[in-house]
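Enquirer: See start-v9.tsv below, with TSV, C-alpha atoms and all ligand atoms.
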chain	number	residue	atom	x	y	z
A	1	MET	CA	0.00	0.00	0.00
A	2	SER	CA	1.38	3.42	-0.88
A	3	PRO	CA	1.68	5.82	2.08
A	4	ARG	CA	-0.90	8.12	0.45
A	5	ALA	CA	-3.50	5.34	0.24
A	6	ASP	CA	-2.81	4.34	3.84
A	7	SER	CA	-5.34	5.90	6.21
A	8	ARG	CA	-3.26	5.19	9.31
A	9	ILE	CA	-1.81	8.20	11.15
A	10	GLY	CA	1.95	8.63	10.52
A	11	LEU	CA	3.63	8.77	13.92
A	12	GLY	CA	7.13	9.82	14.87
A	13	VAL	CA	8.72	8.96	18.22
A	14	LEU	CA	11.15	11.51	19.66
A	15	GLY	CA	13.54	9.95	22.19
A	16	CYS	CA	14.73	6.37	21.77
A	17	GLY	CA	15.75	5.63	25.37
A	18	ARG	CA	13.95	3.33	27.81
A	19	MET	CA	10.43	4.62	27.28
A	20	GLY	CA	10.68	5.80	23.68
A	21	SER	CA	11.89	2.34	22.59
A	22	ALA	CA	8.96	0.72	24.40
A	23	HIS	CA	6.51	3.14	22.76
A	24	ALA	CA	8.01	2.58	19.29
A	25	ARG	CA	7.71	-1.22	19.66
A	26	ILE	CA	4.13	-0.90	20.93
A	27	ILE	CA	3.15	1.41	18.04
A	28	ALA	CA	4.68	-1.05	15.56
A	29	GLY	CA	2.88	-4.04	17.06
A	30	LEU	CA	-0.22	-2.96	18.94
A	31	VAL	CA	-1.55	0.26	17.41
A	32	PRO	CA	-3.28	-0.67	14.14
A	33	GLU	CA	-4.49	2.90	13.56
A	34	ALA	CA	-0.91	4.25	13.29
A	35	ARG	CA	2.24	3.77	11.18
A	36	LEU	CA	5.61	4.29	12.83
A	37	VAL	CA	7.25	6.45	10.14
A	38	ALA	CA	10.18	8.08	11.92
A	39	LEU	CA	12.34	8.11	15.04
A	40	GLY	CA	14.36	10.96	16.51
A	41	ASP	CA	17.12	11.16	19.08
A	42	VAL	CA	20.21	13.29	19.60
A	43	GLN	CA	21.97	9.94	20.01
A	44	VAL	CA	21.33	8.87	16.41
A	45	ASP	CA	23.04	5.50	16.89
A	46	ALA	CA	20.34	4.50	19.40
A	47	ALA	CA	17.66	5.62	16.94
A	48	HIS	CA	19.28	3.71	14.06
A	49	ARG	CA	19.48	0.50	16.15
A	50	LEU	CA	15.79	0.78	17.01
A	51	ALA	CA	14.88	1.63	13.40
A	52	ALA	CA	16.67	-1.49	12.17
A	53	GLU	CA	14.64	-3.59	14.62
A	54	LEU	CA	11.34	-2.00	13.58
A	55	GLY	CA	11.43	-2.21	9.81
A	56	GLY	CA	13.33	0.95	8.98
A	57	PRO	CA	11.44	4.09	9.98
A	58	ARG	CA	13.48	7.18	9.03
A	59	VAL	CA	15.88	8.57	11.65
A	60	HIS	CA	16.30	12.23	12.60
A	61	ASP	CA	18.69	13.89	15.04
A	62	SER	CA	16.44	16.65	16.41
A	63	ALA	CA	12.84	17.46	17.26
A	64	GLU	CA	12.81	20.05	14.47
A	65	ALA	CA	13.96	17.55	11.82
A	66	LEU	CA	11.51	14.89	13.00
A	67	ALA	CA	8.61	17.35	13.04
A	68	ALA	CA	9.52	18.59	9.54
A	69	ASP	CA	9.33	15.06	8.09
A	70	PRO	CA	6.34	15.23	5.71
A	71	GLU	CA	5.20	11.71	6.63
A	72	VAL	CA	5.07	12.58	10.34
A	73	GLN	CA	1.52	13.68	11.18
A	74	ALA	CA	1.99	13.55	14.95
A	75	VAL	CA	4.82	12.95	17.42
A	76	LEU	CA	5.08	10.94	20.62
A	77	VAL	CA	7.61	12.77	22.83
A	78	ALA	CA	9.70	10.51	25.08
A	79	VAL	CA	12.85	12.57	25.61
A	80	SER	CA	14.06	13.41	29.12
A	81	SER	CA	11.40	15.34	31.06
A	82	SER	CA	13.65	18.40	31.29
A	83	ARG	CA	13.63	18.57	27.44
A	84	HIS	CA	9.86	18.25	26.94
A	85	LEU	CA	9.14	21.97	26.63
A	86	ASP	CA	11.70	22.48	23.83
A	87	ALA	CA	10.33	19.43	22.02
A	88	VAL	CA	6.69	20.52	22.38
A	89	ARG	CA	7.57	23.99	21.07
A	90	ALA	CA	9.39	22.60	18.03
A	91	ILE	CA	6.65	20.12	17.13
A	92	ALA	CA	3.82	22.59	17.73
A	93	ALA	CA	5.63	25.13	15.52
A	94	ALA	CA	5.53	22.54	12.73
A	95	GLY	CA	1.77	22.19	13.23
A	96	LYS	CA	1.90	18.54	14.35
A	97	ASP	CA	-0.17	16.95	17.15
A	98	ILE	CA	1.71	15.81	20.26
A	99	LEU	CA	1.45	12.93	22.72
A	100	CYS	CA	3.95	13.88	25.43
A	101	GLU	CA	5.33	11.63	28.16
A	102	LYS	CA	4.66	12.71	31.72
A	103	PRO	CA	5.36	15.15	33.23
A	104	LEU	CA	4.66	17.72	30.51
A	105	ALA	CA	7.41	19.81	32.14
A	106	LEU	CA	9.22	20.01	35.47
A	107	THR	CA	7.85	23.40	36.59
A	108	LEU	CA	4.45	25.06	36.41
A	109	PRO	CA	5.68	28.01	34.27
A	110	GLU	CA	7.22	25.56	31.77
A	111	THR	CA	4.01	23.51	31.80
A	112	ASP	CA	2.02	26.67	31.06
A	113	ALA	CA	4.45	27.51	28.25
A	114	ALA	CA	3.99	24.07	26.70
A	115	ILE	CA	0.19	24.34	26.88
A	116	ALA	CA	0.37	27.85	25.40
A	117	ALA	CA	2.61	26.68	22.54
A	118	ALA	CA	0.16	23.92	21.62
A	119	ASP	CA	-2.85	26.22	21.95
A	120	ALA	CA	-1.22	28.94	19.83
A	121	ALA	CA	-0.39	26.44	17.10
A	122	GLY	CA	-3.84	24.83	17.31
A	123	VAL	CA	-2.39	21.32	17.77
A	124	ARG	CA	-3.54	18.54	20.10
A	125	LEU	CA	-1.48	18.00	23.24
A	126	GLN	CA	-2.17	14.76	25.09
A	127	VAL	CA	-0.17	13.87	28.20
A	128	ALA	CA	0.82	10.27	28.82
A	129	PHE	CA	-1.05	9.34	31.97
A	130	MET	CA	-1.41	5.85	30.56
A	131	ARG	CA	-3.24	4.38	33.52
A	132	ARG	CA	-6.30	6.39	32.47
A	133	HIS	CA	-6.36	4.21	29.34
A	134	ASP	CA	-5.83	0.91	31.17
A	135	PRO	CA	-9.03	-1.20	30.93
A	136	ASP	CA	-8.97	-1.99	34.68
A	137	HIS	CA	-8.58	1.66	35.61
A	138	ARG	CA	-11.34	2.67	33.20
A	139	ARG	CA	-13.64	0.08	34.80
A	140	ALA	CA	-12.83	1.46	38.26
A	141	LYS	CA	-13.53	5.00	37.07
A	142	GLU	CA	-16.86	3.93	35.55
A	143	ARG	CA	-17.84	2.11	38.74
A	144	LEU	CA	-17.09	5.16	40.87
A	145	ALA	CA	-18.62	7.67	38.43
A	146	SER	CA	-21.87	5.65	38.24
A	147	GLY	CA	-22.54	6.60	41.86
A	148	ALA	CA	-23.31	2.96	42.69
A	149	LEU	CA	-20.49	2.85	45.24
A	150	GLY	CA	-21.51	6.07	46.98
A	151	ARG	CA	-19.15	8.92	47.74
A	152	PRO	CA	-15.33	8.41	47.63
A	153	ILE	CA	-13.84	9.04	51.07
A	154	GLN	CA	-10.29	7.72	50.94
A	155	PHE	CA	-7.70	7.26	48.17
A	156	GLY	CA	-4.64	5.04	48.42
A	157	SER	CA	-2.02	4.32	45.77
A	158	LEU	CA	1.44	2.82	45.71
A	159	GLN	CA	4.03	2.55	42.97
A	160	PHE	CA	7.11	0.47	43.70
A	161	ASP	CA	9.45	0.13	40.71
A	162	MET	CA	11.40	-3.03	39.98
A	163	GLU	CA	14.78	-1.30	39.90
A	164	PRO	CA	15.95	2.31	40.18
A	165	PRO	CA	16.84	4.23	37.02
A	166	PRO	CA	20.41	5.52	36.70
A	167	VAL	CA	21.41	8.05	39.39
A	168	ALA	CA	21.83	10.73	36.72
A	169	PHE	CA	18.20	10.20	35.65
A	170	CYS	CA	16.98	10.61	39.25
A	171	ASP	CA	18.59	14.07	39.51
A	172	PRO	CA	15.56	16.34	40.13
A	173	ALA	CA	16.92	18.67	37.43
A	174	ILE	CA	16.43	15.83	34.90
A	175	SER	CA	13.46	13.81	36.22
A	176	GLY	CA	11.88	16.18	38.75
A	177	GLY	CA	12.64	13.81	41.65
A	178	ILE	CA	10.52	10.94	42.96
A	179	PHE	CA	7.25	12.84	43.50
A	180	VAL	CA	7.29	14.48	40.05
A	181	ASP	CA	8.76	11.53	38.17
A	182	MET	CA	6.82	8.66	39.78
A	183	GLY	CA	4.21	10.23	42.03
A	184	ILE	CA	2.63	12.28	39.26
A	185	HIS	CA	0.83	9.11	38.08
A	186	GLU	CA	-0.70	8.63	41.54
A	187	PHE	CA	-1.58	12.32	41.88
A	188	ASP	CA	-3.34	12.24	38.51
A	189	LEU	CA	-5.26	9.13	39.57
A	190	ALA	CA	-6.17	10.82	42.86
A	191	ARG	CA	-7.88	13.67	40.99
A	192	TRP	CA	-9.45	11.44	38.33
A	193	LEU	CA	-10.77	8.57	40.44
A	194	MET	CA	-11.89	10.70	43.39
A	195	ASP	CA	-13.36	13.38	41.06
A	196	ASP	CA	-11.99	15.84	43.58
A	197	GLU	CA	-9.04	18.22	43.93
A	198	VAL	CA	-6.14	17.79	46.36
A	199	THR	CA	-5.73	20.88	48.54
A	200	GLU	CA	-2.88	19.99	50.92
A	201	VAL	CA	0.01	17.52	51.15
A	202	MET	CA	2.36	16.34	53.90
A	203	ALA	CA	5.25	14.20	52.70
A	204	TYR	CA	8.33	12.32	53.89
A	205	GLY	CA	11.18	10.55	52.09
A	206	SER	CA	14.37	8.62	52.74
A	207	THR	CA	17.42	7.13	51.04
A	208	LEU	CA	17.83	3.99	53.18
A	209	SER	CA	18.11	1.61	50.26
A	210	HIS	CA	19.99	3.80	47.74
A	211	PRO	CA	22.06	6.40	49.63
A	212	GLU	CA	23.72	7.37	46.33
A	213	LEU	CA	20.48	9.11	45.33
A	214	ALA	CA	21.13	11.67	48.07
A	215	THR	CA	24.15	12.86	46.06
A	216	VAL	CA	21.79	14.21	43.38
A	217	GLY	CA	19.09	15.33	45.83
A	218	ASP	CA	16.53	12.55	45.32
A	219	VAL	CA	15.12	9.87	47.66
A	220	ASP	CA	14.44	6.17	47.05
A	221	SER	CA	11.27	5.86	49.11
A	222	ALA	CA	8.59	8.41	49.96
A	223	VAL	CA	5.10	8.79	51.38
A	224	ALA	CA	2.58	11.60	50.85
A	225	ILE	CA	-0.61	12.19	52.81
A	226	LEU	CA	-3.30	14.02	50.86
A	227	ARG	CA	-6.25	16.16	51.89
A	228	PHE	CA	-8.99	16.74	49.28
A	229	ALA	CA	-11.36	19.70	48.85
A	230	SER	CA	-14.32	17.49	49.87
A	231	GLY	CA	-12.58	16.58	53.13
A	232	ALA	CA	-11.60	13.15	51.79
A	233	THR	CA	-8.10	11.88	52.56
A	234	GLY	CA	-5.45	9.87	50.74
A	235	THR	CA	-2.01	8.31	50.84
A	236	VAL	CA	0.61	7.80	48.13
A	237	LYS	CA	3.59	5.47	48.64
A	238	LEU	CA	6.54	5.40	46.25
A	239	ALA	CA	9.75	3.35	46.07
A	240	ARG	CA	12.44	3.18	43.42
A	241	ASP	CA	12.85	-0.59	43.75
A	242	THR	CA	11.55	-3.74	45.38
A	243	THR	CA	13.08	-7.19	45.83
A	244	TYR	CA	10.02	-8.85	44.23
A	245	GLY	CA	9.27	-6.87	41.06
A	246	GLU	CA	7.09	-4.01	39.90
A	247	ASP	CA	4.15	-3.37	42.21
A	248	VAL	CA	1.42	-0.84	41.40
A	249	ARG	CA	-1.78	-0.81	43.47
A	250	THR	CA	-4.56	1.72	43.89
A	251	GLU	CA	-7.74	1.67	45.95
A	252	VAL	CA	-10.64	3.97	46.59
A	253	LEU	CA	-12.81	3.50	49.65
A	254	ALA	CA	-16.30	4.94	49.14
A	255	THR	CA	-19.36	5.16	51.37
A	256	GLY	CA	-21.19	2.33	49.59
A	257	GLY	CA	-18.38	0.14	48.23
A	258	SER	CA	-14.76	0.22	47.11
A	259	VAL	CA	-12.57	-0.41	44.08
A	260	TRP	CA	-9.13	-2.02	44.03
A	261	LEU	CA	-6.56	-1.94	41.21
A	262	GLY	CA	-3.61	-4.30	41.24
A	263	SER	CA	-2.80	-6.87	43.88
A	264	LEU	CA	-0.11	-9.31	44.93
A	265	GLN	CA	-2.27	-12.09	43.49
A	266	ALA	CA	-3.22	-12.45	39.85
A	267	GLY	CA	-6.17	-10.07	39.88
A	268	HIS	CA	-5.54	-6.62	38.42
A	269	SER	CA	-8.77	-5.04	39.64
A	270	ALA	CA	-11.67	-5.82	41.92
A	271	VAL	CA	-14.95	-4.42	43.14
A	272	SER	CA	-16.95	-4.97	46.31
A	273	GLY	CA	-20.65	-5.69	46.64
A	274	PRO	CA	-22.61	-6.35	49.82
A	275	GLY	CA	-20.50	-8.87	51.74
A	276	SER	CA	-18.39	-9.95	48.75
A	277	ILE	CA	-15.38	-9.01	46.64
A	278	ALA	CA	-15.13	-9.93	42.94
A	279	SER	CA	-11.78	-9.93	41.09
A	280	ASP	CA	-11.16	-9.26	37.39
A	281	PHE	CA	-8.39	-11.59	36.26
A	282	PRO	CA	-5.84	-10.51	33.63
A	283	ASP	CA	-3.88	-12.52	31.09
A	284	PRO	CA	-0.62	-13.18	32.99
A	285	ALA	CA	1.35	-13.25	29.71
A	286	ILE	CA	0.82	-9.51	29.12
A	287	PRO	CA	3.12	-7.01	30.93
A	288	ARG	CA	1.16	-4.85	33.39
A	289	PHE	CA	0.80	-1.59	31.45
A	290	GLU	CA	1.51	-2.68	27.86
A	291	ARG	CA	-2.18	-2.56	27.02
A	292	ALA	CA	-2.48	0.86	28.70
A	293	TYR	CA	0.39	2.29	26.62
A	294	ALA	CA	-1.17	0.90	23.44
A	295	GLU	CA	-4.67	2.15	24.32
A	296	GLN	CA	-3.22	5.56	25.18
A	297	THR	CA	-1.65	5.90	21.73
A	298	ARG	CA	-4.75	4.47	20.05
A	299	ALA	CA	-6.89	7.09	21.82
A	300	PHE	CA	-4.49	9.79	20.58
A	301	VAL	CA	-4.53	8.72	16.92
A	302	ARG	CA	-8.28	8.10	16.96
A	303	ALA	CA	-8.82	11.65	18.23
A	304	ILE	CA	-6.68	12.93	15.34
A	305	ALA	CA	-8.52	10.80	12.76
A	306	ALA	CA	-11.91	11.89	14.11
A	307	GLY	CA	-10.92	15.56	14.40
A	308	GLU	CA	-11.72	15.46	18.11
A	309	PRO	CA	-9.87	16.82	21.18
A	310	VAL	CA	-7.74	14.50	23.31
A	311	SER	CA	-9.07	13.31	26.65
A	312	VAL	CA	-6.01	13.72	28.90
A	313	THR	CA	-4.65	17.23	28.55
A	314	GLY	CA	-1.82	19.54	29.48
A	315	ARG	CA	-4.08	21.00	32.14
A	316	ASP	CA	-4.38	17.55	33.76
A	317	SER	CA	-0.59	17.40	33.83
A	318	ARG	CA	-0.43	20.86	35.39
A	319	ALA	CA	-2.85	19.88	38.18
A	320	ALA	CA	-0.98	16.66	38.97
A	321	LEU	CA	2.38	18.47	38.81
A	322	ALA	CA	1.18	21.05	41.35
A	323	ILE	CA	0.45	18.22	43.82
A	324	ALA	CA	3.86	16.65	43.13
A	325	ILE	CA	5.64	19.97	43.68
A	326	ALA	CA	3.72	20.49	46.94
A	327	ALA	CA	4.75	16.99	48.08
A	328	ASP	CA	8.38	17.64	47.17
A	329	ARG	CA	8.37	20.94	49.06
A	330	SER	CA	6.66	19.36	52.06
A	331	MET	CA	9.28	16.59	52.20
A	332	ARG	CA	12.17	19.06	51.95
A	333	GLU	CA	10.75	21.62	54.42
A	334	GLY	CA	9.07	19.23	56.88
A	335	ARG	CA	5.69	20.94	56.90
A	336	PRO	CA	2.27	20.61	55.23
A	337	VAL	CA	2.10	22.49	51.92
A	338	THR	CA	-1.12	23.64	50.25
A	339	ILE	CA	-1.64	23.39	46.51
A	340	ALA	CA	-2.65	27.06	46.53
A	341	GLU	CA	0.84	27.91	47.83
A	342	VAL	CA	2.60	26.27	44.88
A	343	ALA	CA	0.00	26.74	42.14
A	344	GLY	CA	-1.05	30.27	43.01
A	345	ALA	CA	-4.68	29.09	42.78
B	1	LIG	N1	4.68	6.62	31.61
B	1	LIG	C1	5.61	5.87	32.15
B	1	LIG	O1	5.30	4.83	32.73
B	1	LIG	C2	7.04	6.25	32.02
B	1	LIG	C3	8.05	5.36	32.42
B	1	LIG	C4	9.39	5.76	32.26
B	1	LIG	C5	9.69	7.00	31.72
B	1	LIG	N2	8.68	7.84	31.37
B	1	LIG	C6	8.98	9.19	30.81
B	1	LIG	O2	9.58	9.02	29.54
B	1	LIG	C7	10.52	10.08	29.30
B	1	LIG	C8	11.86	9.48	28.92
B	1	LIG	O3	12.32	8.70	29.99
B	1	LIG	P1	13.36	7.53	29.73
B	1	LIG	O4	13.42	6.75	30.98
B	1	LIG	O5	13.05	6.84	28.43
B	1	LIG	O6	14.72	8.38	29.57
B	1	LIG	P2	16.06	7.94	28.83
B	1	LIG	O7	17.10	8.79	29.41
B	1	LIG	O8	16.21	6.46	28.84
B	1	LIG	O9	15.80	8.35	27.29
B	1	LIG	C9	15.70	9.67	26.86
B	1	LIG	C10	16.17	9.73	25.42
B	1	LIG	O10	15.92	11.04	24.92
B	1	LIG	C11	17.03	11.46	24.16
B	1	LIG	N3	17.04	12.92	24.15
B	1	LIG	C12	17.27	13.76	25.21
B	1	LIG	N4	17.14	15.04	24.82
B	1	LIG	C13	16.80	15.02	23.50
B	1	LIG	C14	16.50	16.02	22.55
B	1	LIG	N5	16.53	17.32	22.88
B	1	LIG	N6	16.18	15.63	21.29
B	1	LIG	C15	16.16	14.33	20.95
B	1	LIG	N7	16.43	13.33	21.82
B	1	LIG	C16	16.75	13.67	23.08
B	1	LIG	C17	18.23	10.85	24.85
B	1	LIG	O11	19.34	10.76	23.99
B	1	LIG	C18	17.68	9.47	25.26
B	1	LIG	O12	17.88	8.49	24.26
B	1	LIG	C19	10.57	10.91	30.59
B	1	LIG	O13	9.76	12.03	30.42
B	1	LIG	C20	9.97	9.98	31.64
B	1	LIG	O14	9.29	10.69	32.68
B	1	LIG	C21	7.39	7.49	31.49
Output the file's structure as structure tokens, nothing else.
Expert:
Amino acid sequence: MSPRADSRIGLGVLGCGRMGSAHARIIAGLVPEARLVALGDVQVDAAHRLAAELGGPRVHDSAEALAADPEVQAVLVAVSSSRHLDAVRAIAAAGKDILCEKPLALTLPETDAAIAAADAAGVRLQVAFMRRHDPDHRRAKERLASGALGRPIQFGSLQFDMEPPPVAFCDPAISGGIFVDMGIHEFDLARWLMDDEVTEVMAYGSTLSHPELATVGDVDSAVAILRFASGATGTVKLARDTTYGEDVRTEVLATGGSVWLGSLQAGHSAVSGPGSIASDFPDPAIPRFERAYAEQTRAFVRAIAAGEPVSVTGRDSRAALAIAIAADRSMREGRPVTIAEVAGA
């Protein structure tokens, strides 16, 4: 089929490191609505190696060159978080839609600048909170939003990674630190599942398992206690590594029932009824969030094909980032921090 007769959206992936490689493979194998047409990375060797594995998409050495590629209709940005704003600006200037890895930027002013660049160019800007596209998470959201479980009163979420990224990556100047880099997923879920806004955070962290992270100003384990506008409460627990593998669990306690996502057993989600708990069992052969990453990109390209807006926006990233920044400040200053204090709301 000639490219012109092909109705699939031509996607470029900018950044061919850990996450960009995973996205490129998922697009090539699990996103039938898209064609992987180009890769970009300042380390062109890494991009060429990935291109050879994936059937030869073109390789570019900058965001500008990738965005200028006529076959690239939209770009998935997976460069280091500290480089997102430059990438978003370059791609928006070329008039191409953007799916950007989280966080959209490391500071609120840079996040606002990224949103403004996309708005000014009239391009879509979706942020990669992939758990919102995970079928289990969507089911939990639907169950809560239906009202059948009553009113959410407590949120709990933990994310324990299998192994820590390189120390250089953990540097808050590169990744934002543990609350921005990891916790932003939990803070986004807190807003989305509870249908509420976080107003205050108290947080603690330590470097008991990886003291080397202290040299760059990050921690390997952290806890945040959340207060919501409704009066509801929440906890977020983060760790850079476990001895037993990746562990991601979320629960919402509501007045008339609860939802659970993830567990140490096989079930990935569950729901309670009167006096009973029912589990939804996943296919154990599929990595935990592979489907979520694929569904996230499918939602992005479908929105483009349908001429519709994206569902997870730069403003969602801004709201979750404000909570992460409040948690980081609370941990460093040893006091509760309100979202109004950091977000100027
Ligand atoms: N959603 C998730 O579950 C998840 C998981 C891991 C990482 N991430 C996000 O993915 C992004 C990348 O993280 P990673 O772990 O893959 O990092 P990484 O360091 O492994 O890869 C980043 C790549 O970007 C390239 N790069 C940096 N600046 C560039 C520029 N200006 N132009 C072109 N290429 C450039 C680097 O050469 C490198 O290959 C981060 O924003 C991170 O927060 C998301």
Enquirer: Name the residues, by chain letter and number, that sit within 7 Å of ligand LIG 1 (chain B) using all atoms listed in the file, and give them as a ChimeraX atom specification.
Expert: /A:14-20,40-43,46,61-63,78-81,83,87,101-103,128-130,169,175,181
Enquirer: Give the answer as one residue: which of A:Pro172, A:Gly314, A:Gly122, A:Pro211 has the shortest atom-to-atom distance to A:Asp97, using all atoms listed in the file?
Expert: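 Using all atoms listed in the file, A:Asp97 sits closest to A:Gly122.
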Enquirer: For A:Ala324, please output as a PyMOL selection string all residues within 10 Å (counting only C-alpha atoms; exclusion window: fewer than 6 positions along the same chain).
Expert: chain A and resi 106+176-188+201+203+224+318+330+339+342
Enquirer: Keeping only C-alpha atoms, take the residues you just selected and write them out as a CSV table (one decimal), keeping the file's coordinate frame.
Expert:
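After the write, again-v3.csv holds the following:
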chain,number,residue,atom,x,y,z
A,106,LEU,CA,9.2,20.0,35.5
A,176,GLY,CA,11.9,16.2,38.8
A,177,GLY,CA,12.6,13.8,41.6
A,178,ILE,CA,10.5,10.9,43.0
A,179,PHE,CA,7.2,12.8,43.5
A,180,VAL,CA,7.3,14.5,40.0
A,181,ASP,CA,8.8,11.5,38.2
A,182,MET,CA,6.8,8.7,39.8
A,183,GLY,CA,4.2,10.2,42.0
A,184,ILE,CA,2.6,12.3,39.3
A,185,HIS,CA,0.8,9.1,38.1
A,186,GLU,CA,-0.7,8.6,41.5
A,187,PHE,CA,-1.6,12.3,41.9
A,188,ASP,CA,-3.3,12.2,38.5
A,201,VAL,CA,0.0,17.5,51.2
A,203,ALA,CA,5.2,14.2,52.7
A,224,ALA,CA,2.6,11.6,50.8
A,318,ARG,CA,-0.4,20.9,35.4
A,330,SER,CA,6.7,19.4,52.1
A,339,ILE,CA,-1.6,23.4,46.5
A,342,VAL,CA,2.6,26.3,44.9
Enquirer: What gap, in Å, lies between atom CA of A:Thr250 and atom CA of A:Arg151?
Expert: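 Atom CA of A:Arg151 lies at a distance of 16.7 Å from atom CA of A:Thr250.
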Enquirer: Atom CA of A:Leu104 and atom CA of A:Asp134, how far apart in Å?
Expert: 19.8 Å
Enquirer: Can you pull out every residue within 12 Å of stretch 21-24 of chain A, counting only C-alpha atoms, but drop anything in the same chain fewer than 5 positions away, and send it as a ChimeraX atom specification?
Expert: /A:11-16,29-31,34-41,46-57,75-79,99-101,128,130,287,289-298
Enquirer: Point out the residue among A:Pro164, A:Gly147, A:Gly245, A:Pro309 with the least atom-to-atom distance to A:Ser258, counting all atoms listed in the file.
Expert: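 Using all atoms listed in the file, the shortest distance to A:Ser258 belongs to A:Gly147.
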Enquirer: Which one of A:Ala327, A:Val337, A:Ala319, A:Ile9 sits closest to A:Ala306 if you count all atoms listed in the file?
Expert: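 Of A:Ala327, A:Val337, A:Ala319, A:Ile9, the one nearest A:Ala306, counting all atoms listed in the file, is A:Ile9.
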